[in-house]
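Trainee: So that you have it, the file is input31.txt, and it contains compact mmCIF, C-alpha atoms:
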```
# COMPACT_ATOMS: atom_id res chain seq x y z
CA MET A 1496 0.00 0.00 0.00
CA THR A 1497 1.33 3.46 -0.91
CA GLN A 1498 0.12 6.75 0.48
CA THR A 1499 1.35 10.22 -0.56
CA ASN A 1500 1.05 13.20 1.78
CA LEU A 1501 2.10 16.79 1.27
CA ILE A 1502 3.33 18.48 4.41
CA ALA A 1503 4.20 22.13 4.89
CA ASN A 1504 6.26 21.81 8.07
CA THR A 1505 7.14 19.49 10.93
CA ALA A 1506 3.95 20.34 12.82
CA VAL A 1507 2.00 18.61 10.08
CA ALA A 1508 4.45 15.70 9.86
CA SER A 1509 2.57 13.97 12.67
CA ALA A 1510 -0.18 13.25 10.12
CA ILE A 1511 2.42 11.15 8.27
CA ASP A 1512 3.80 9.09 11.14
CA PRO A 1513 4.40 9.95 14.81
CA VAL A 1514 7.95 8.55 14.78
CA VAL A 1515 8.94 10.59 11.73
CA HIS A 1516 7.32 13.66 13.29
CA ARG A 1517 9.39 13.14 16.47
CA TYR A 1518 12.56 12.67 14.40
CA PHE A 1519 12.15 16.09 12.79
CA GLU A 1520 10.89 17.72 15.99
CA THR A 1521 13.74 16.49 18.21
CA LEU A 1522 16.41 17.27 15.61
CA ASN A 1523 15.07 20.79 15.14
CA CYS A 1524 15.08 21.30 18.93
CA GLY A 1525 18.65 20.00 19.23
CA ASP A 1526 17.58 17.07 21.44
CA PHE A 1527 19.86 14.59 19.73
CA GLU A 1528 19.64 11.95 22.46
CA ALA A 1529 15.86 11.87 22.01
CA THR A 1530 16.36 11.59 18.26
CA ALA A 1531 18.76 8.66 18.72
CA ASN A 1532 16.28 6.93 21.04
CA LEU A 1533 13.79 6.75 18.16
CA PHE A 1534 16.13 4.23 16.50
CA ALA A 1535 16.20 0.50 17.16
CA VAL A 1536 19.10 -0.51 19.40
CA ASP A 1537 21.13 -1.43 16.31
CA GLY A 1538 19.53 1.24 14.08
CA VAL A 1539 21.56 2.85 11.32
CA LEU A 1540 21.92 6.47 10.21
CA ASN A 1541 23.27 6.76 6.66
CA ALA A 1542 24.39 10.38 6.34
CA PRO A 1543 25.88 11.91 3.18
CA PHE A 1544 29.64 11.37 2.79
CA GLU A 1545 29.81 9.20 5.95
CA ASP A 1546 30.16 5.52 6.76
CA PRO A 1547 26.99 4.09 8.34
CA ILE A 1548 26.52 5.25 11.94
CA VAL A 1549 25.23 2.28 13.95
CA GLY A 1550 23.59 2.27 17.37
CA ARG A 1551 21.86 4.89 19.48
CA GLY A 1552 25.00 6.15 21.23
CA ALA A 1553 26.93 6.61 17.99
CA ILE A 1554 23.94 8.31 16.35
CA ALA A 1555 23.51 10.75 19.26
CA LEU A 1556 27.23 11.60 19.20
CA TYR A 1557 27.22 12.11 15.43
CA LEU A 1558 24.16 14.38 15.55
CA GLU A 1559 25.62 16.39 18.44
CA THR A 1560 28.74 16.97 16.35
CA GLU A 1561 27.23 17.48 12.89
CA ALA A 1562 23.59 18.60 13.21
CA LYS A 1563 23.76 21.57 15.60
CA GLY A 1564 21.91 24.56 14.19
CA MET A 1565 20.23 22.65 11.38
CA GLN A 1566 16.53 23.15 10.73
CA LEU A 1567 14.84 20.35 8.82
CA GLU A 1568 11.77 21.23 6.76
CA PRO A 1569 9.93 18.17 5.44
CA GLN A 1570 7.59 18.97 2.56
CA GLN A 1571 6.32 15.73 1.02
CA ALA A 1572 6.15 12.11 2.09
CA ILE A 1573 5.33 8.76 0.51
CA ILE A 1574 4.51 5.85 2.80
CA LYS A 1575 4.72 2.18 1.80
CA THR A 1576 4.01 -0.92 3.83
CA LEU A 1577 6.67 -3.49 2.94
CA GLU A 1578 6.17 -7.25 2.64
CA ASP A 1579 8.01 -7.87 5.92
CA ALA A 1580 5.52 -5.55 7.75
CA ASN A 1581 8.14 -2.82 8.01
CA ILE A 1582 7.14 0.64 6.85
CA GLU A 1583 9.12 2.71 4.34
CA ILE A 1584 8.64 6.47 4.44
CA GLN A 1585 10.27 8.68 1.82
CA VAL A 1586 10.36 12.35 2.77
CA SER A 1587 11.63 15.23 0.69
CA GLY A 1588 12.28 18.74 1.92
CA LYS A 1589 15.03 21.16 2.89
CA VAL A 1590 17.72 21.50 5.50
CA LYS A 1591 18.68 25.03 6.48
CA THR A 1592 21.70 26.27 8.38
CA ARG A 1593 22.91 29.80 9.11
CA LEU A 1594 25.01 29.65 5.94
CA PHE A 1595 22.90 27.78 3.38
CA GLY A 1596 19.84 25.72 2.56
CA VAL A 1597 19.82 22.51 0.53
CA LYS A 1598 17.19 20.10 -0.81
CA VAL A 1599 17.29 16.77 0.99
CA GLY A 1600 15.58 13.38 0.86
CA TRP A 1601 15.16 11.04 3.81
CA LEU A 1602 14.33 7.35 3.50
CA PHE A 1603 13.05 5.88 6.77
CA ILE A 1604 12.51 2.18 7.49
CA LEU A 1605 10.40 1.55 10.61
CA ASN A 1606 10.00 -1.88 12.19
CA SER A 1607 6.81 -3.33 13.67
CA GLU A 1608 7.75 -1.82 17.07
CA ARG A 1609 7.71 1.63 15.40
CA GLU A 1610 11.46 2.10 15.82
CA ILE A 1611 13.69 3.49 13.09
CA VAL A 1612 15.69 0.58 11.68
CA ALA A 1613 17.47 2.87 9.23
CA VAL A 1614 17.32 6.36 7.81
CA THR A 1615 19.25 7.30 4.69
CA ILE A 1616 19.78 10.99 3.99
CA LYS A 1617 20.52 12.10 0.44
CA LEU A 1618 21.34 15.52 -0.89
CA LEU A 1619 18.96 16.33 -3.74
CA ALA A 1620 20.83 19.42 -4.88
CA SER A 1621 22.39 19.65 -8.30
CA THR A 1622 26.15 19.61 -8.70
CA GLN A 1623 26.09 23.36 -9.35
CA GLU A 1624 24.06 23.99 -6.18
CA LEU A 1625 26.58 21.98 -4.17
CA LEU A 1626 29.51 23.85 -5.72
CA ASN A 1627 27.83 27.14 -4.76
CA LEU A 1628 27.97 26.03 -1.11
CA ARG A 1629 31.77 26.06 -1.06
CA VAL A 1630 33.19 28.87 0.99
CA SER A 1631 35.89 30.75 -0.85
CA THR A 1632 38.87 31.75 1.18
CA LYS A 1633 41.43 34.40 0.37
CA PHE A 1634 45.01 34.23 1.53
```
Before anything else, please render the file you have as structure tokens.

Mentor:
Amino acid sequence: MTQTNLIANTAVASAIDPVVHRYFETLNCGDFEATANLFAVDGVLNAPFEDPIVGRGAIALYLETEAKGMQLEPQQAIIKTLEDANIEIQVSGKVKTRLFGVKVGWLFILNSEREIVAVTIKLLASTQELLNLRVSTKF
């Protein structure tokens, strides 16, 4: 079964799935331990340009280091129930920082206990958009 939902912000994300809503809410509030606790004990965060980050403790530490000041803005989601009773939720939106904003896609897999088994984050920006993010330095 596939369901498509358009969402304007994280407040509406709860209509998609409560776990996904909490993921965006806790990340945007900087409560990275709470975000990590949404994952299964051996859950995996697949972040751009990183090796897989496995386990709640490693995920919390990674987010504390890399996600401070980010604001995630989910905009659209597609939900699928998989054959193994897991749920796949594809979300597209933006991530904003003080310096830039970029289009991002998140792919969540939730188990039957409603824990995040894995989330894969992909940059949806074009090569040119990514090159524009580089900070030029003058010596």

Trainee: Looking at only C-alpha atoms, which of A:Thr1615, A:Glu1568, A:Asn1541, A:Thr1560 is the one that sits closest to Lys1591 of chain A?

Mentor: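 Between A:Thr1615, A:Glu1568, A:Asn1541, A:Thr1560, the residue approaching Lys1591 of chain A most closely is A:Glu1568.
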
Trainee: Counting all atoms listed in the file, write as a PyMOL selection string all protein and nucleic acid residues lying at most 12 Å from (11.9, -1.6, 10.6) in the file's frame.

Mentor: chain A and resi 1514+1533-1539+1575-1584+1602-1614

Trainee: Using only C-alpha atoms, which protein or nucleic acid residues come within 7 Å of Glu1528 of chain A? Drop anything in the same chain fewer than 3 positions from it, and give the result as an MDAnalysis selection string.

Mentor: chainID A and resid 1531:1532 1555

Trainee: Can I get the selected residues back with C-alpha atoms, as a PDB file, in the frame of the given file?

Mentor:
```
ATOM      1  CA  ALA A1531      18.760   8.660  18.720  1.00  0.00           C
ATOM      2  CA  ASN A1532      16.280   6.930  21.040  1.00  0.00           C
ATOM      3  CA  ALA A1555      23.510  10.750  19.260  1.00  0.00           C
TER       4      ALA A1555
END
```

Trainee: Name the residues within 10 Å of (10.8, 13.9, 14.6), counting only C-alpha atoms in the file's coordinates, and put them as a ChimeraX atom specification.

Mentor: /A:1505-1506,1508-1509,1512-1524,1529-1530,1533,1567

Trainee: Take atom CA of Val1549 of chain A and atom CA of Leu1594 of chain A and report the distance between them in Å, one decimal.

Mentor: 28.5 Å

Trainee: Would you mind reading off the distance between atom CA of Phe1527 of chain A and atom CA of Ala1572 of chain A, one decimal, in Å?

Mentor: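 Atom CA of Ala1572 of chain A lies 22.5 Å from atom CA of Phe1527 of chain A.
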
Trainee: For atom CA of Pro1547 of chain A and atom CA of Val1599 of chain A, quote the distance in Å rounded to one decimal.

Mentor: 17.6 Å

Trainee: Would you please work out which residue, of A:Leu1618, A:Ala1542, A:Ala1562, A:Ile1554, is nearest to Gly1525 of chain A when using only C-alpha atoms?

Mentor: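 Selected residue with least distance to Gly1525 of chain A: A:Ala1562.
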
Trainee: Which is closest to Gln1585 of chain A among A:Tyr1557, A:Lys1617, A:Leu1540, A:Lys1563, if we use all atoms listed in the file?

Mentor: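 Closest residue, counting all atoms listed in the file: A:Lys1617.
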
Trainee: Around all the atoms of segment 1509-1520 of chain A listed in the file, with 3 Å of room on each side, what axis-aligned box do you get, giving centre and edge lengths in Å to one decimal, as lines of an AutoDock Vina configuration file?

Mentor:
```
center_x = 6.2
center_y = 13.1
center_z = 12.4
size_x = 18.7
size_y = 15.2
size_z = 14.2
```

Trainee: Complete the atom set of segment 1576-1599 of chain A to N, CA, C and O atoms and return it as an mmCIF file, keeping the file's coordinate frame.

Mentor:
```cif
data_model
loop_
_atom_site.group_PDB
_atom_site.id
_atom_site.type_symbol
_atom_site.label_atom_id
_atom_site.label_comp_id
_atom_site.auth_asym_id
_atom_site.auth_seq_id
_atom_site.Cartn_x
_atom_site.Cartn_y
_atom_site.Cartn_z
ATOM 1 N N THR A 1576 3.897 0.224 2.941
ATOM 2 C CA THR A 1576 4.010 -0.920 3.830
ATOM 3 C C THR A 1576 4.742 -2.008 3.058
ATOM 4 O O THR A 1576 4.322 -2.385 1.959
ATOM 5 N N LEU A 1577 5.839 -2.490 3.610
ATOM 6 C CA LEU A 1577 6.670 -3.490 2.940
ATOM 7 C C LEU A 1577 6.168 -4.895 3.249
ATOM 8 O O LEU A 1577 5.401 -5.105 4.193
ATOM 9 N N GLU A 1578 6.606 -5.864 2.466
ATOM 10 C CA GLU A 1578 6.170 -7.250 2.640
ATOM 11 C C GLU A 1578 6.511 -7.813 4.010
ATOM 12 O O GLU A 1578 5.800 -8.662 4.517
ATOM 13 N N ASP A 1579 7.605 -7.355 4.611
ATOM 14 C CA ASP A 1579 8.010 -7.870 5.920
ATOM 15 C C ASP A 1579 7.338 -7.120 7.074
ATOM 16 O O ASP A 1579 7.757 -7.229 8.218
ATOM 17 N N ALA A 1580 6.296 -6.328 6.775
ATOM 18 C CA ALA A 1580 5.520 -5.550 7.750
ATOM 19 C C ALA A 1580 6.256 -4.305 8.233
ATOM 20 O O ALA A 1580 5.734 -3.572 9.057
ATOM 21 N N ASN A 1581 7.470 -4.082 7.733
ATOM 22 C CA ASN A 1581 8.140 -2.820 8.010
ATOM 23 C C ASN A 1581 7.462 -1.724 7.191
ATOM 24 O O ASN A 1581 6.751 -2.010 6.230
ATOM 25 N N ILE A 1582 7.701 -0.494 7.567
ATOM 26 C CA ILE A 1582 7.140 0.640 6.850
ATOM 27 C C ILE A 1582 8.279 1.467 6.277
ATOM 28 O O ILE A 1582 9.255 1.757 6.977
ATOM 29 N N GLU A 1583 8.146 1.841 5.010
ATOM 30 C CA GLU A 1583 9.120 2.710 4.340
ATOM 31 C C GLU A 1583 8.458 4.069 4.151
ATOM 32 O O GLU A 1583 7.350 4.157 3.630
ATOM 33 N N ILE A 1584 9.151 5.107 4.593
ATOM 34 C CA ILE A 1584 8.640 6.470 4.440
ATOM 35 C C ILE A 1584 9.709 7.296 3.755
ATOM 36 O O ILE A 1584 10.809 7.452 4.270
ATOM 37 N N GLN A 1585 9.374 7.802 2.573
ATOM 38 C CA GLN A 1585 10.270 8.680 1.820
ATOM 39 C C GLN A 1585 9.798 10.107 2.034
ATOM 40 O O GLN A 1585 8.634 10.411 1.792
ATOM 41 N N VAL A 1586 10.690 10.948 2.497
ATOM 42 C CA VAL A 1586 10.360 12.350 2.770
ATOM 43 C C VAL A 1586 11.317 13.218 1.961
ATOM 44 O O VAL A 1586 12.515 12.956 1.918
ATOM 45 N N SER A 1587 10.775 14.250 1.349
ATOM 46 C CA SER A 1587 11.630 15.230 0.690
ATOM 47 C C SER A 1587 11.376 16.589 1.319
ATOM 48 O O SER A 1587 10.289 16.862 1.820
ATOM 49 N N GLY A 1588 12.399 17.423 1.313
ATOM 50 C CA GLY A 1588 12.280 18.740 1.920
ATOM 51 C C GLY A 1588 13.589 19.496 1.842
ATOM 52 O O GLY A 1588 14.374 19.303 0.916
ATOM 53 N N LYS A 1589 13.822 20.337 2.844
ATOM 54 C CA LYS A 1589 15.030 21.160 2.890
ATOM 55 C C LYS A 1589 15.677 21.054 4.271
ATOM 56 O O LYS A 1589 15.012 20.808 5.268
ATOM 57 N N VAL A 1590 16.978 21.296 4.267
ATOM 58 C CA VAL A 1590 17.720 21.500 5.500
ATOM 59 C C VAL A 1590 18.327 22.887 5.404
ATOM 60 O O VAL A 1590 18.942 23.230 4.395
ATOM 61 N N LYS A 1591 18.123 23.674 6.452
ATOM 62 C CA LYS A 1591 18.680 25.030 6.480
ATOM 63 C C LYS A 1591 19.666 25.156 7.633
ATOM 64 O O LYS A 1591 19.459 24.607 8.702
ATOM 65 N N THR A 1592 20.735 25.885 7.352
ATOM 66 C CA THR A 1592 21.700 26.270 8.380
ATOM 67 C C THR A 1592 21.834 27.786 8.312
ATOM 68 O O THR A 1592 21.214 28.424 7.465
ATOM 69 N N ARG A 1593 22.670 28.349 9.175
ATOM 70 C CA ARG A 1593 22.910 29.800 9.110
ATOM 71 C C ARG A 1593 23.505 30.210 7.774
ATOM 72 O O ARG A 1593 23.307 31.313 7.307
ATOM 73 N N LEU A 1594 24.255 29.310 7.146
ATOM 74 C CA LEU A 1594 25.010 29.650 5.940
ATOM 75 C C LEU A 1594 24.334 29.273 4.630
ATOM 76 O O LEU A 1594 24.607 29.879 3.604
ATOM 77 N N PHE A 1595 23.481 28.260 4.640
ATOM 78 C CA PHE A 1595 22.900 27.780 3.380
ATOM 79 C C PHE A 1595 21.654 26.946 3.640
ATOM 80 O O PHE A 1595 21.380 26.546 4.761
ATOM 81 N N GLY A 1596 20.950 26.658 2.558
ATOM 82 C CA GLY A 1596 19.840 25.720 2.560
ATOM 83 C C GLY A 1596 20.043 24.754 1.398
ATOM 84 O O GLY A 1596 20.594 25.129 0.366
ATOM 85 N N VAL A 1597 19.633 23.508 1.567
ATOM 86 C CA VAL A 1597 19.820 22.510 0.530
ATOM 87 C C VAL A 1597 18.627 21.548 0.520
ATOM 88 O O VAL A 1597 18.054 21.248 1.570
ATOM 89 N N LYS A 1598 18.257 21.079 -0.675
ATOM 90 C CA LYS A 1598 17.190 20.100 -0.810
ATOM 91 C C LYS A 1598 17.717 18.742 -0.363
ATOM 92 O O LYS A 1598 18.834 18.352 -0.694
ATOM 93 N N VAL A 1599 16.865 18.032 0.397
ATOM 94 C CA VAL A 1599 17.290 16.770 0.990
ATOM 95 C C VAL A 1599 16.159 15.747 0.871
ATOM 96 O O VAL A 1599 14.982 16.105 0.878
#
```
